[in-house]
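Peer 1: Next comes entry.pdb, PDB, C-alpha atoms:
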```pdb
ATOM      1  CA  MET M 254     -14.750   5.108  -0.450  1.00  0.00           C
ATOM      2  CA  LEU M 255     -17.174   7.760   0.638  1.00  0.00           C
ATOM      3  CA  LEU M 256     -16.048  11.323   0.197  1.00  0.00           C
ATOM      4  CA  SER M 257     -16.579  11.967   3.881  1.00  0.00           C
ATOM      5  CA  PHE M 258     -13.842   9.451   4.688  1.00  0.00           C
ATOM      6  CA  ARG M 259     -11.274  11.801   3.165  1.00  0.00           C
ATOM      7  CA  ARG M 260     -11.249  14.289   5.957  1.00  0.00           C
ATOM      8  CA  GLN M 261      -7.614  15.322   6.290  1.00  0.00           C
ATOM      9  CA  ARG M 262      -5.800  18.037   4.391  1.00  0.00           C
ATOM     10  CA  ALA M 263      -2.417  17.021   3.015  1.00  0.00           C
ATOM     11  CA  SER M 264       0.169  18.988   1.078  1.00  0.00           C
ATOM     12  CA  LEU M 265       1.597  17.294  -1.984  1.00  0.00           C
ATOM     13  CA  TYR M 266       5.119  17.921  -3.203  1.00  0.00           C
ATOM     14  CA  ALA M 267       6.398  16.692  -6.558  1.00  0.00           C
ATOM     15  CA  TYR M 268       9.900  15.278  -6.635  1.00  0.00           C
ATOM     16  CA  THR M 269      12.451  16.955  -8.874  1.00  0.00           C
ATOM     17  CA  ASP M 270      16.175  16.499  -9.191  1.00  0.00           C
ATOM     18  CA  VAL M 271      17.824  19.897  -9.549  1.00  0.00           C
ATOM     19  CA  GLY M 272      21.362  18.554  -9.369  1.00  0.00           C
ATOM     20  CA  ALA M 273      23.949  19.085 -12.070  1.00  0.00           C
ATOM     21  CA  ASN M 274      26.979  17.216 -13.394  1.00  0.00           C
ATOM     22  CA  GLY M 275      25.715  13.913 -12.149  1.00  0.00           C
ATOM     23  CA  ARG M 276      25.109  15.075  -8.602  1.00  0.00           C
ATOM     24  CA  MET M 277      21.663  14.540  -7.195  1.00  0.00           C
ATOM     25  CA  ALA M 278      19.873  17.369  -5.420  1.00  0.00           C
ATOM     26  CA  SER M 279      16.367  16.396  -4.476  1.00  0.00           C
ATOM     27  CA  GLN M 280      13.792  19.127  -4.306  1.00  0.00           C
ATOM     28  CA  TYR M 281      10.081  18.864  -3.686  1.00  0.00           C
ATOM     29  CA  VAL M 282       7.853  21.465  -5.302  1.00  0.00           C
ATOM     30  CA  LYS M 283       4.363  21.954  -3.934  1.00  0.00           C
ATOM     31  CA  ARG M 284       1.584  20.736  -6.177  1.00  0.00           C
ATOM     32  CA  ALA M 285      -1.123  23.079  -5.044  1.00  0.00           C
ATOM     33  CA  SER M 286      -4.829  22.482  -5.333  1.00  0.00           C
ATOM     34  CA  SER M 287      -7.284  25.236  -6.174  1.00  0.00           C
ATOM     35  CA  ALA M 288      -8.315  25.473  -2.509  1.00  0.00           C
ATOM     36  CA  ALA M 289      -7.184  28.436  -0.438  1.00  0.00           C
ATOM     37  CA  ASP M 290      -4.619  26.389   1.485  1.00  0.00           C
ATOM     38  CA  GLY M 291      -3.407  24.583  -1.639  1.00  0.00           C
ATOM     39  CA  ASN M 292      -3.857  21.215   0.044  1.00  0.00           C
ATOM     40  CA  TRP M 293      -5.808  18.111  -0.918  1.00  0.00           C
ATOM     41  CA  TRP M 294      -8.409  16.038   0.900  1.00  0.00           C
ATOM     42  CA  CYS M 295      -7.078  12.611   1.814  1.00  0.00           C
ATOM     43  CA  ALA M 296      -7.508   9.639   4.093  1.00  0.00           C
ATOM     44  CA  ARG M 297      -4.585   7.930   5.776  1.00  0.00           C
ATOM     45  CA  SER M 298      -4.513   4.378   7.054  1.00  0.00           C
ATOM     46  CA  GLN M 299      -1.946   1.878   8.197  1.00  0.00           C
ATOM     47  CA  PRO M 300      -1.614  -0.886   5.606  1.00  0.00           C
ATOM     48  CA  THR M 301      -0.908  -3.551   8.160  1.00  0.00           C
ATOM     49  CA  GLY M 302      -3.487  -2.465  10.676  1.00  0.00           C
ATOM     50  CA  ARG M 303      -1.082  -0.806  13.053  1.00  0.00           C
ATOM     51  CA  GLU M 304       1.908   1.454  12.970  1.00  0.00           C
ATOM     52  CA  ILE M 305       5.106  -0.513  12.740  1.00  0.00           C
ATOM     53  CA  THR M 306       8.415   0.532  14.139  1.00  0.00           C
ATOM     54  CA  LEU M 307      11.049  -0.997  11.939  1.00  0.00           C
ATOM     55  CA  THR M 308      14.039   0.931  13.111  1.00  0.00           C
ATOM     56  CA  ALA M 309      15.097   2.824  16.164  1.00  0.00           C
ATOM     57  CA  GLN M 310      15.236   6.003  14.092  1.00  0.00           C
ATOM     58  CA  ALA M 311      12.318   8.121  15.178  1.00  0.00           C
ATOM     59  CA  GLY M 312      10.215   9.447  12.365  1.00  0.00           C
ATOM     60  CA  GLU M 313      11.401   7.008   9.725  1.00  0.00           C
ATOM     61  CA  SER M 314       9.416   3.992  10.652  1.00  0.00           C
ATOM     62  CA  ILE M 315       5.756   4.175   9.789  1.00  0.00           C
ATOM     63  CA  ASP M 316       4.086   2.879   6.648  1.00  0.00           C
ATOM     64  CA  ALA M 317       0.898   4.538   5.529  1.00  0.00           C
ATOM     65  CA  VAL M 318      -1.573   4.219   2.691  1.00  0.00           C
ATOM     66  CA  PHE M 319      -2.998   7.519   1.485  1.00  0.00           C
ATOM     67  CA  GLN M 320      -6.162   7.761  -0.510  1.00  0.00           C
ATOM     68  CA  PHE M 321      -6.894  10.770  -2.680  1.00  0.00           C
ATOM     69  CA  ALA M 322      -9.488  11.577  -5.270  1.00  0.00           C
ATOM     70  CA  ASP M 323      -8.427  10.259  -8.646  1.00  0.00           C
ATOM     71  CA  GLU M 324      -7.840  13.727 -10.085  1.00  0.00           C
ATOM     72  CA  VAL M 325      -4.926  14.186  -7.705  1.00  0.00           C
ATOM     73  CA  LEU M 326      -1.599  13.573  -9.403  1.00  0.00           C
ATOM     74  CA  VAL M 327       0.754  11.729  -7.078  1.00  0.00           C
ATOM     75  CA  ASP M 328       3.731   9.706  -8.153  1.00  0.00           C
ATOM     76  CA  THR M 329       6.505   7.554  -6.739  1.00  0.00           C
ATOM     77  CA  LYS M 330       9.127   9.596  -4.856  1.00  0.00           C
ATOM     78  CA  ASP M 331       6.752  12.507  -4.274  1.00  0.00           C
ATOM     79  CA  ALA M 332       6.342  13.802  -0.739  1.00  0.00           C
ATOM     80  CA  ILE M 333       3.226  14.247   1.355  1.00  0.00           C
ATOM     81  CA  VAL M 334       3.043  16.448   4.423  1.00  0.00           C
ATOM     82  CA  LEU M 335       0.206  15.811   6.823  1.00  0.00           C
ATOM     83  CA  ASN M 336      -0.069  17.238  10.334  1.00  0.00           C
ATOM     84  CA  ALA M 337       3.574  18.362  10.292  1.00  0.00           C
ATOM     85  CA  ARG M 338       4.740  14.845   9.463  1.00  0.00           C
ATOM     86  CA  ALA M 339       6.388  14.108   6.124  1.00  0.00           C
ATOM     87  CA  TYR M 340       5.944  10.978   4.037  1.00  0.00           C
ATOM     88  CA  ARG M 341       7.725   9.802   0.905  1.00  0.00           C
ATOM     89  CA  VAL M 342       5.705   7.881  -1.678  1.00  0.00           C
ATOM     90  CA  LEU M 343       7.045   4.383  -2.239  1.00  0.00           C
ATOM     91  CA  ALA M 344       4.533   3.042  -4.722  1.00  0.00           C
ATOM     92  CA  VAL M 345       1.326   3.963  -6.476  1.00  0.00           C
ATOM     93  CA  LEU M 346      -1.094   1.197  -5.584  1.00  0.00           C
ATOM     94  CA  PRO M 347      -3.793  -0.307  -7.769  1.00  0.00           C
ATOM     95  CA  PRO M 348      -7.454   0.513  -7.037  1.00  0.00           C
ATOM     96  CA  ASP M 349      -9.126  -1.777  -4.520  1.00  0.00           C
ATOM     97  CA  GLY M 350     -12.552  -2.023  -6.070  1.00  0.00           C
ATOM     98  CA  VAL M 351     -13.487   1.514  -5.127  1.00  0.00           C
ATOM     99  CA  GLU M 352     -13.771   3.767  -8.140  1.00  0.00           C
ATOM    100  CA  ARG M 353     -12.292   7.230  -8.585  1.00  0.00           C
ATOM    101  CA  VAL M 354      -9.695   6.861  -5.866  1.00  0.00           C
ATOM    102  CA  SER M 355      -5.933   6.957  -6.145  1.00  0.00           C
ATOM    103  CA  ARG M 356      -3.935   5.139  -3.480  1.00  0.00           C
ATOM    104  CA  VAL M 357      -0.262   5.371  -2.601  1.00  0.00           C
ATOM    105  CA  LEU M 358       1.983   3.563  -0.171  1.00  0.00           C
ATOM    106  CA  ALA M 359       4.226   5.965   1.737  1.00  0.00           C
ATOM    107  CA  ARG M 360       6.710   5.926   4.559  1.00  0.00           C
ATOM    108  CA  THR M 361       7.563   8.618   7.063  1.00  0.00           C
ATOM    109  CA  VAL M 362      10.736  10.601   6.659  1.00  0.00           C
ATOM    110  CA  THR M 363      12.036  13.420   8.778  1.00  0.00           C
ATOM    111  CA  LEU M 364      10.596  16.705   7.608  1.00  0.00           C
ATOM    112  CA  ALA M 365      13.975  18.407   7.853  1.00  0.00           C
ATOM    113  CA  SER M 366      15.475  15.937   5.365  1.00  0.00           C
ATOM    114  CA  LEU M 367      13.273  17.261   2.547  1.00  0.00           C
ATOM    115  CA  THR M 368      13.860  20.461   0.607  1.00  0.00           C
ATOM    116  CA  LEU M 369      10.309  21.693   0.224  1.00  0.00           C
ATOM    117  CA  VAL M 370       9.491  24.504  -2.157  1.00  0.00           C
ATOM    118  CA  ASP M 371       6.113  26.207  -1.985  1.00  0.00           C
ATOM    119  CA  ALA M 372       5.690  27.166  -5.609  1.00  0.00           C
TER
ATOM    120  CA  MET F  74      43.422   6.145   7.252  1.00  0.00           C
ATOM    121  CA  THR F  75      40.649   4.646   9.330  1.00  0.00           C
ATOM    122  CA  TYR F  76      37.661   2.847   8.013  1.00  0.00           C
ATOM    123  CA  THR F  77      34.225   2.846   9.558  1.00  0.00           C
ATOM    124  CA  SER F  78      31.836   0.034   8.899  1.00  0.00           C
ATOM    125  CA  HIS F  79      28.324   1.022   7.874  1.00  0.00           C
ATOM    126  CA  LEU F  80      27.262  -2.572   7.443  1.00  0.00           C
ATOM    127  CA  GLY F  81      24.632  -2.204  10.157  1.00  0.00           C
ATOM    128  CA  ASP F  82      23.059   0.774   8.405  1.00  0.00           C
ATOM    129  CA  VAL F  83      23.132  -1.013   5.070  1.00  0.00           C
ATOM    130  CA  LEU F  84      21.508  -4.116   6.515  1.00  0.00           C
ATOM    131  CA  ALA F  85      18.860  -2.043   8.298  1.00  0.00           C
ATOM    132  CA  ARG F  86      18.040  -0.233   5.084  1.00  0.00           C
ATOM    133  CA  LEU F  87      17.883  -3.500   3.168  1.00  0.00           C
ATOM    134  CA  GLU F  88      15.467  -4.864   5.746  1.00  0.00           C
ATOM    135  CA  ARG F  89      13.321  -1.739   5.434  1.00  0.00           C
ATOM    136  CA  ALA F  90      13.355  -2.135   1.652  1.00  0.00           C
ATOM    137  CA  GLN F  91      12.376  -5.779   1.943  1.00  0.00           C
ATOM    138  CA  ASP F  92       9.518  -4.929   4.279  1.00  0.00           C
ATOM    139  CA  ALA F  93       8.353  -2.100   2.024  1.00  0.00           C
ATOM    140  CA  ALA F  94       8.349  -4.542  -0.896  1.00  0.00           C
ATOM    141  CA  LEU F  95       6.280  -7.031   1.100  1.00  0.00           C
ATOM    142  CA  VAL F  96       3.776  -4.404   2.207  1.00  0.00           C
ATOM    143  CA  ALA F  97       3.440  -3.080  -1.354  1.00  0.00           C
ATOM    144  CA  ALA F  98       2.952  -6.577  -2.778  1.00  0.00           C
ATOM    145  CA  GLY F  99       0.452  -7.316  -0.009  1.00  0.00           C
ATOM    146  CA  GLU F 100      -1.509  -4.203  -0.883  1.00  0.00           C
ATOM    147  CA  VAL F 101      -1.793  -5.429  -4.473  1.00  0.00           C
ATOM    148  CA  VAL F 102      -3.289  -8.736  -3.342  1.00  0.00           C
ATOM    149  CA  LYS F 103      -5.540  -7.015  -0.820  1.00  0.00           C
ATOM    150  CA  ALA F 104      -6.829  -4.645  -3.492  1.00  0.00           C
ATOM    151  CA  GLU F 105      -7.531  -7.519  -5.864  1.00  0.00           C
ATOM    152  CA  VAL F 106      -9.335  -9.515  -3.171  1.00  0.00           C
ATOM    153  CA  LYS F 107     -11.527  -6.521  -2.346  1.00  0.00           C
ATOM    154  CA  LYS F 108     -12.257  -5.935  -6.004  1.00  0.00           C
ATOM    155  CA  ARG F 109     -13.326  -9.552  -6.470  1.00  0.00           C
ATOM    156  CA  ILE F 110     -15.473  -9.497  -3.333  1.00  0.00           C
ATOM    157  CA  ARG F 111     -17.333  -6.512  -4.780  1.00  0.00           C
ATOM    158  CA  GLU F 112     -17.755  -8.163  -8.145  1.00  0.00           C
ATOM    159  CA  GLN F 113     -18.390 -11.788  -7.263  1.00  0.00           C
ATOM    160  CA  LEU F 114     -19.906 -12.126  -3.782  1.00  0.00           C
ATOM    161  CA  TYR F 115     -22.982 -10.818  -2.037  1.00  0.00           C
ATOM    162  CA  ASP F 116     -21.381  -8.887   0.782  1.00  0.00           C
ATOM    163  CA  THR F 117     -22.819  -6.541   3.380  1.00  0.00           C
ATOM    164  CA  GLY F 118     -19.472  -4.798   3.576  1.00  0.00           C
ATOM    165  CA  ALA F 119     -18.276  -6.821   6.541  1.00  0.00           C
ATOM    166  CA  LEU F 120     -16.094  -9.094   4.442  1.00  0.00           C
ATOM    167  CA  PHE F 121     -14.807  -6.183   2.348  1.00  0.00           C
ATOM    168  CA  GLN F 122     -13.782  -4.307   5.479  1.00  0.00           C
ATOM    169  CA  SER F 123     -12.258  -7.374   7.104  1.00  0.00           C
ATOM    170  CA  VAL F 124      -9.551  -7.912   4.481  1.00  0.00           C
ATOM    171  CA  ASN F 125      -6.247  -7.077   6.094  1.00  0.00           C
ATOM    172  CA  THR F 126      -2.557  -7.829   6.138  1.00  0.00           C
ATOM    173  CA  THR F 127      -0.163  -8.528   8.958  1.00  0.00           C
ATOM    174  CA  PRO F 128       3.029  -6.589   9.469  1.00  0.00           C
ATOM    175  CA  PRO F 129       6.093  -8.218   7.879  1.00  0.00           C
ATOM    176  CA  GLN F 130       7.384 -10.990  10.082  1.00  0.00           C
ATOM    177  CA  SER F 131      10.113 -13.606  10.042  1.00  0.00           C
ATOM    178  CA  ASP F 132      10.404 -17.344  10.247  1.00  0.00           C
ATOM    179  CA  ALA F 133      13.133 -19.804   9.352  1.00  0.00           C
ATOM    180  CA  SER F 134      12.593 -19.251   5.620  1.00  0.00           C
ATOM    181  CA  GLY F 135      12.784 -15.452   5.764  1.00  0.00           C
ATOM    182  CA  ARG F 136      10.486 -12.433   5.847  1.00  0.00           C
ATOM    183  CA  PHE F 137       6.828 -12.796   4.906  1.00  0.00           C
ATOM    184  CA  ILE F 138       3.459 -11.099   5.168  1.00  0.00           C
ATOM    185  CA  MET F 139       0.029 -12.666   5.559  1.00  0.00           C
ATOM    186  CA  ILE F 140      -3.180 -11.539   3.918  1.00  0.00           C
ATOM    187  CA  GLY F 141      -6.481 -12.674   5.312  1.00  0.00           C
ATOM    188  CA  THR F 142      -9.764 -11.870   6.956  1.00  0.00           C
ATOM    189  CA  SER F 143     -10.653 -11.384  10.585  1.00  0.00           C
ATOM    190  CA  ILE F 144     -13.947 -13.212  10.062  1.00  0.00           C
ATOM    191  CA  SER F 145     -13.565 -16.622  11.644  1.00  0.00           C
ATOM    192  CA  ASP F 146     -16.822 -17.394  13.453  1.00  0.00           C
ATOM    193  CA  PRO F 147     -18.380 -18.605  11.263  1.00  0.00           C
ATOM    194  CA  ALA F 148     -15.553 -18.792   8.777  1.00  0.00           C
ATOM    195  CA  TYR F 149     -17.794 -18.214   5.776  1.00  0.00           C
ATOM    196  CA  PRO F 150     -15.069 -16.654   3.602  1.00  0.00           C
ATOM    197  CA  LEU F 151     -13.282 -19.997   3.898  1.00  0.00           C
ATOM    198  CA  PHE F 152     -16.475 -21.878   2.991  1.00  0.00           C
ATOM    199  CA  TRP F 153     -16.846 -19.854  -0.203  1.00  0.00           C
ATOM    200  CA  GLU F 154     -13.165 -20.301  -1.001  1.00  0.00           C
ATOM    201  CA  ILE F 155     -13.013 -24.077  -0.709  1.00  0.00           C
ATOM    202  CA  GLY F 156     -16.663 -24.779  -1.543  1.00  0.00           C
ATOM    203  CA  HIS F 157     -19.669 -25.849   0.490  1.00  0.00           C
ATOM    204  CA  HIS F 158     -23.165 -27.200   0.158  1.00  0.00           C
ATOM    205  CA  ASN F 159     -25.349 -24.138   0.549  1.00  0.00           C
ATOM    206  CA  VAL F 160     -28.647 -24.738   2.383  1.00  0.00           C
ATOM    207  CA  PHE F 161     -30.248 -21.671   0.815  1.00  0.00           C
ATOM    208  CA  THR F 162     -29.388 -22.246  -2.824  1.00  0.00           C
ATOM    209  CA  ARG F 163     -29.428 -26.063  -2.331  1.00  0.00           C
ATOM    210  CA  ARG F 164     -26.343 -26.301  -4.496  1.00  0.00           C
ATOM    211  CA  PHE F 165     -22.651 -26.779  -4.071  1.00  0.00           C
ATOM    212  CA  GLU F 166     -21.229 -23.274  -4.060  1.00  0.00           C
ATOM    213  CA  HIS F 167     -17.607 -22.577  -4.839  1.00  0.00           C
ATOM    214  CA  ARG F 168     -16.365 -19.043  -5.472  1.00  0.00           C
ATOM    215  CA  PRO F 169     -12.622 -18.861  -4.924  1.00  0.00           C
ATOM    216  CA  ILE F 170     -11.422 -15.317  -4.374  1.00  0.00           C
ATOM    217  CA  TRP F 171      -8.241 -15.330  -2.328  1.00  0.00           C
ATOM    218  CA  VAL F 172      -6.000 -17.841  -4.077  1.00  0.00           C
ATOM    219  CA  PRO F 173      -6.780 -16.612  -7.609  1.00  0.00           C
ATOM    220  CA  ALA F 174      -6.172 -13.029  -6.461  1.00  0.00           C
ATOM    221  CA  LEU F 175      -2.800 -14.081  -5.094  1.00  0.00           C
ATOM    222  CA  LEU F 176      -1.733 -16.060  -8.143  1.00  0.00           C
ATOM    223  CA  GLU F 177      -3.092 -13.832 -10.891  1.00  0.00           C
ATOM    224  CA  THR F 178      -1.472 -10.631  -9.626  1.00  0.00           C
ATOM    225  CA  ARG F 179       2.070 -11.941  -9.439  1.00  0.00           C
ATOM    226  CA  ALA F 180       3.411  -9.603 -12.099  1.00  0.00           C
ATOM    227  CA  GLN F 181       1.818  -6.592 -10.448  1.00  0.00           C
ATOM    228  CA  GLN F 182       3.070  -7.684  -7.030  1.00  0.00           C
ATOM    229  CA  LEU F 183       6.618  -7.868  -8.366  1.00  0.00           C
ATOM    230  CA  GLU F 184       6.308  -4.487 -10.022  1.00  0.00           C
ATOM    231  CA  MET F 185       5.041  -2.825  -6.826  1.00  0.00           C
ATOM    232  CA  ALA F 186       7.595  -4.626  -4.689  1.00  0.00           C
ATOM    233  CA  HIS F 187      10.445  -3.425  -6.900  1.00  0.00           C
ATOM    234  CA  ALA F 188       9.150   0.155  -6.904  1.00  0.00           C
ATOM    235  CA  ALA F 189       8.766   0.221  -3.119  1.00  0.00           C
ATOM    236  CA  ALA F 190      12.152  -1.384  -2.511  1.00  0.00           C
ATOM    237  CA  ALA F 191      13.893   0.970  -4.943  1.00  0.00           C
ATOM    238  CA  ALA F 192      12.266   4.017  -3.381  1.00  0.00           C
ATOM    239  CA  THR F 193      13.271   2.837   0.093  1.00  0.00           C
ATOM    240  CA  LEU F 194      16.850   2.219  -0.953  1.00  0.00           C
ATOM    241  CA  GLY F 195      17.078   5.725  -2.343  1.00  0.00           C
ATOM    242  CA  GLY F 196      16.912   4.820  -5.984  1.00  0.00           C
ATOM    243  CA  GLY F 197      13.504   4.981  -7.423  1.00  0.00           C
ATOM    244  CA  GLY F 198      13.807   4.878 -11.147  1.00  0.00           C
ATOM    245  CA  ALA F 199      10.987   3.330 -13.065  1.00  0.00           C
ATOM    246  CA  ALA F 200      10.263  -0.142 -11.818  1.00  0.00           C
ATOM    247  CA  PRO F 201      11.014  -2.895 -14.301  1.00  0.00           C
ATOM    248  CA  SER F 202       7.918  -4.175 -15.977  1.00  0.00           C
ATOM    249  CA  PHE F 203       7.068  -7.832 -15.757  1.00  0.00           C
ATOM    250  CA  SER F 204       4.836  -9.938 -17.881  1.00  0.00           C
ATOM    251  CA  GLU F 205       2.863 -12.911 -16.638  1.00  0.00           C
ATOM    252  CA  ALA F 206       5.063 -15.210 -18.706  1.00  0.00           C
ATOM    253  CA  ALA F 207       8.298 -13.910 -17.242  1.00  0.00           C
ATOM    254  CA  ASP F 208       8.402 -16.174 -14.219  1.00  0.00           C
TER
END
```
Mind converting the file's structure to structure tokens?
Peer 2:
Amino acid sequence: MLLSFRRQRASLYAYTDVGANGRMASQYVKRASSAADGNWWCARSQPTGREITLTAQAGESIDAVFQFADEVLVDTKDAIVLNARAYRVLAVLPPDGVERVSRVLARTVTLASLTLVDA
Amino acid sequence: MTYTSHLGDVLARLERAQDAALVAAGEVVKAEVKKRIREQLYDTGALFQSVNTTPPQSDASGRFIMIGTSISDPAYPLFWEIGHHNVFTRRFEHRPIWVPALLETRAQQLEMAHAAAAATLGGGGAAPSFSEAAD
């Protein structure tokens, strides 16, 4: 993929469980880049060619594939925020013949459902 | 005490998990097909860009996803896949890409499908690892 294709700025949040005594408490801590806004260049596409509505729940229905540069650390269960819409990473995908790119499959979640921490 | 059924929610979430698993597995195959096109075929980029997947859909046997190309006129990806007599090289040319990519990535498909399903269901521990022999 050409660098120019990654033309959106996304915030990355690493998943952590801050719960105690067996209780889960999900928290997402910002993984900031060295840029002024702390965000990362990315490209977003729909894996199946169009946005799919799987449920009637607004904001929890769209699959997306994000592409980042390979130096970007992104893992399953992390969160991505792009244009005020939040995504949760479902899987880290294998490279598709394009070098130095990391790809993840993500799904939208409601932004309010995530506890985001700007470290 | 009254009980409230959440069966509908559970079933909806299971369906979302199943679809996420299918999309993730489809992405594995799509990535492998694209990789092989780059490595094994002379391509202007049209074939590479044409590799796509359908949304998850249903038939009598359950949910499924299709992976293919939008190039159908002429259907030269099919000719390379099943073999053809090439007028330029004057030889029988056969470079299967799609079926080997599907069959040889089974373990990775399962791994991705499990990870995506687990993350959708709210779990999301490490996906179990599969070996090619563990069919």
Peer 1: So the first atom is atom CA of Asp146 of chain F and the second is atom CA of Leu95 of chain F; what is the distance between them in Å, to one decimal place?
Peer 2: 28.2 Å
Peer 1: Nearest to Ala317 of chain M: which of F:Glu105, F:Glu100, F:Pro173, F:Leu194 is it, counting all atoms listed in the file?
Peer 2: F:Glu100
Peer 1: Quick one: residues within 8 Å of (4.4, -1.4, 5.4) (file frame), counting all atoms listed in the file, please, as a PDB file with C-alpha atoms, in the frame of the given file.
Peer 2:
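Saved the output as point_23.pdb:
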```pdb
ATOM      1  CA  GLN M 299      -1.946   1.878   8.197  1.00  0.00           C
ATOM      2  CA  PRO M 300      -1.614  -0.886   5.606  1.00  0.00           C
ATOM      3  CA  THR M 301      -0.908  -3.551   8.160  1.00  0.00           C
ATOM      4  CA  ILE M 305       5.106  -0.513  12.740  1.00  0.00           C
ATOM      5  CA  ILE M 315       5.756   4.175   9.789  1.00  0.00           C
ATOM      6  CA  ASP M 316       4.086   2.879   6.648  1.00  0.00           C
ATOM      7  CA  ALA M 317       0.898   4.538   5.529  1.00  0.00           C
ATOM      8  CA  LEU M 358       1.983   3.563  -0.171  1.00  0.00           C
ATOM      9  CA  ARG M 360       6.710   5.926   4.559  1.00  0.00           C
TER      10      ARG M 360
ATOM     11  CA  ASP F  92       9.518  -4.929   4.279  1.00  0.00           C
ATOM     12  CA  ALA F  93       8.353  -2.100   2.024  1.00  0.00           C
ATOM     13  CA  LEU F  95       6.280  -7.031   1.100  1.00  0.00           C
ATOM     14  CA  VAL F  96       3.776  -4.404   2.207  1.00  0.00           C
ATOM     15  CA  ALA F  97       3.440  -3.080  -1.354  1.00  0.00           C
ATOM     16  CA  PRO F 128       3.029  -6.589   9.469  1.00  0.00           C
ATOM     17  CA  PRO F 129       6.093  -8.218   7.879  1.00  0.00           C
TER      18      PRO F 129
END
```
Peer 1: Given a cut-off of 8 Å, which residues of chain F touch chain M, counting only C-alpha atoms, written out as a PyMOL selection string?
Peer 2: chain F and resi 85+89+93+96-97+100-101+103-109+111+125-128+185+188-190+192-193+197
Peer 1: Between F:Ala94, F:Val172, F:Ile110, F:Ala119, which residue has the minimum interatomic distance to Ser143 of chain F, considering only C-alpha atoms?
Peer 2: F:Ala119
Peer 1: Between atom CA of Ala98 of chain F and atom CA of Thr178 of chain F, what is the spacing in Å?
Peer 2: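 Between atom CA of Thr178 of chain F and atom CA of Ala98 of chain F the gap works out to 9.1 Å.
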Peer 1: With all atoms listed in the file as the basis for distance, which of F:Gln122, F:Thr142, F:Gln91, F:Asn159 is at the shortest distance from Leu183 of chain F?
Peer 2: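 Of F:Gln122, F:Thr142, F:Gln91, F:Asn159, the one nearest Leu183 of chain F, counting all atoms listed in the file, is F:Gln91.
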Peer 1: Would you please work out which residue, of M:Tyr281, M:Tyr268, M:Arg260, M:Ala273, is nearest to Trp293 of chain M when using only C-alpha atoms?
Peer 2: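 That would be M:Arg260, the residue with the smallest distance to Trp293 of chain M.
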Peer 1: Carefully work through the PyMOL selection byres ((chain F and resi 167-170) around 9) for this structure and note down the residues it includes, as a VMD selection string.
Peer 2: chain F and resid 105 to 106 109 to 110 113 to 114 150 to 158 165 to 166 171 to 175
Peer 1: Report, in Å to a single decimal, how far apart atom CA of Gly141 of chain F and atom CA of Phe161 of chain F are.
Peer 2: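 Rounded to one decimal, the two atoms are 25.8 Å apart.
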Peer 1: Might you spell out which residues the PyMOL selection byres ((chain M and resi 334) around 10) would select in the displayed file, as a list of chain:residue names?
Peer 2: M:Arg262, M:Ala263, M:Ser264, M:Leu265, M:Tyr266, M:Asn292, M:Ala332, M:Ile333, M:Leu335, M:Asn336, M:Ala337, M:Arg338, M:Ala339, M:Tyr340, M:Arg341, M:Thr361, M:Val362, M:Leu364, M:Leu369
Peer 1: Determine the nearest neighbour of Asp331 of chain M from the options M:Arg259, M:Ser286, M:Leu367, M:Gly291, counting only C-alpha atoms.
Peer 2: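 Answer, going by the shortest atom-to-atom distance: M:Leu367.
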Peer 1: Residues within 12 Å of Phe258 of chain M, please, as a list in words. Count only C-alpha atoms; anything in the same chain fewer than 2 positions from it doesn't count.
Peer 2: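 Using only C-alpha atoms, the neighbours found are Met254, Leu255, Leu256, Arg260, Gln261, Arg262, Trp294, Cys295, Ala296, Arg297, Ser298, Phe319, Gln320, Phe321, Ala322 and Val354 of chain M.
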